[in-house]
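A.B. asks: One structure is given below, represented as structure tokens, and several questions about it will come after.
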Amino acid sequence: MCRVLSLAVKEGVPVNDDLEGLANDIIEWKKLGRRLMENADAVLYAIDKRNDEENEKAYKMLSKWKRAEGSCATFRVLHDALCHDFVNRRDLAEKYCEM
């Protein structure tokens with residue numbers, strides 16, 4: 001988790017443009033996917049095999065998470081996943097999830 005919790009995390013669910021921007025910036029998309037989805041390995045494997053471009057793989061994973069979680073796919077959840085020690089992308093949490 002983030003060492004310092006931000007009090008300025010956006011409310012609500014990210015829109016597709018937010019997810020596409022993040023997908024273009026995230027490299028370790030599988031690590032993020034494992035933090036966002038339970039039993040993610042089979043889903044991540046399928047996404048990996050069906051898509052060639054890394055940013056498209058990341059976008060498909062984020063879209064799948066958003067569809068599966070609905071209103072629970074919030075900026076806070078995404079923020080916490082990006083800040084997880086295994087993902088370690090506080091910079092992207094700030095860029096996409098904070099006000």
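If you're wondering about the labels, chains in the structure tokens are A, B, ... by order shown, residues count from 1 in each chain, ligands from 1 in order shown.
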Please give the complete set of residues from chain A that DSSP, run on the backbone, assigns to alpha helix (DSSP H), formatted as a ChimeraX atom specification.
C.D. replies: /A:16-25,29-36,41-50,54-69,75-83,90-97
A.B. asks: Report as a list of chain:residue names all protein, DNA and RNA residues lying within 10 Å of Val87 of chain A, evaluated on only C-alpha atoms, omitting residues in the same chain fewer than 4 positions from it.
C.D. replies: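 After dropping sequence-adjacent residues, the list is A:Met1, A:Ile26, A:Ile27, A:Glu28, A:Trp29, A:Lys30, A:Lys31, A:Leu32, A:Gly33, A:Arg34, A:Arg35, A:Asp80, A:Ala81, A:Leu82, A:Cys83.
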A.B. asks: What is the distance between atom CA of Ala40 of chain A and atom CA of Ala8 of chain A, in Å to one decimal?
C.D. replies: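 Between atom CA of Ala40 of chain A and atom CA of Ala8 of chain A the gap is 28.6 Å.
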A.B. asks: Would you mind telling me which residue in A:Asn55, A:Thr74, A:Asp91, A:Trp65 lies nearest to Val43 of chain A when using only C-alpha atoms?
C.D. replies: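 Looking at the shortest contact to Val43 of chain A, the residue is A:Trp65.
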A.B. asks: With only C-alpha atoms as the basis for distance, which of A:Leu78, A:Lys57, A:Ile47, A:Val15 is at the shortest distance from Glu94 of chain A?
C.D. replies: A:Leu78
A.B. asks: Using only C-alpha atoms, which of A:Ala42, A:Leu19, A:Cys97, A:Met37 sits nearest Lys60 of chain A?
C.D. replies: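 Under the stated criterion, the closest residue is A:Leu19.
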A.B. asks: If we count only C-alpha atoms, what is near Glu98 of chain A at a cut-off of 7 Å, once residues fewer than 2 positions away on the same chain are taken out, given as a VMD selection string?
C.D. replies: chain A and resid 8 to 10 93 to 96
A.B. asks: How many Å lie between atom CA of Asn51 of chain A and atom CA of Asp17 of chain A, rounded to one decimal?
C.D. replies: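 Answer for the atom CA of Asn51 of chain A to atom CA of Asp17 of chain A separation: 19.2 Å.
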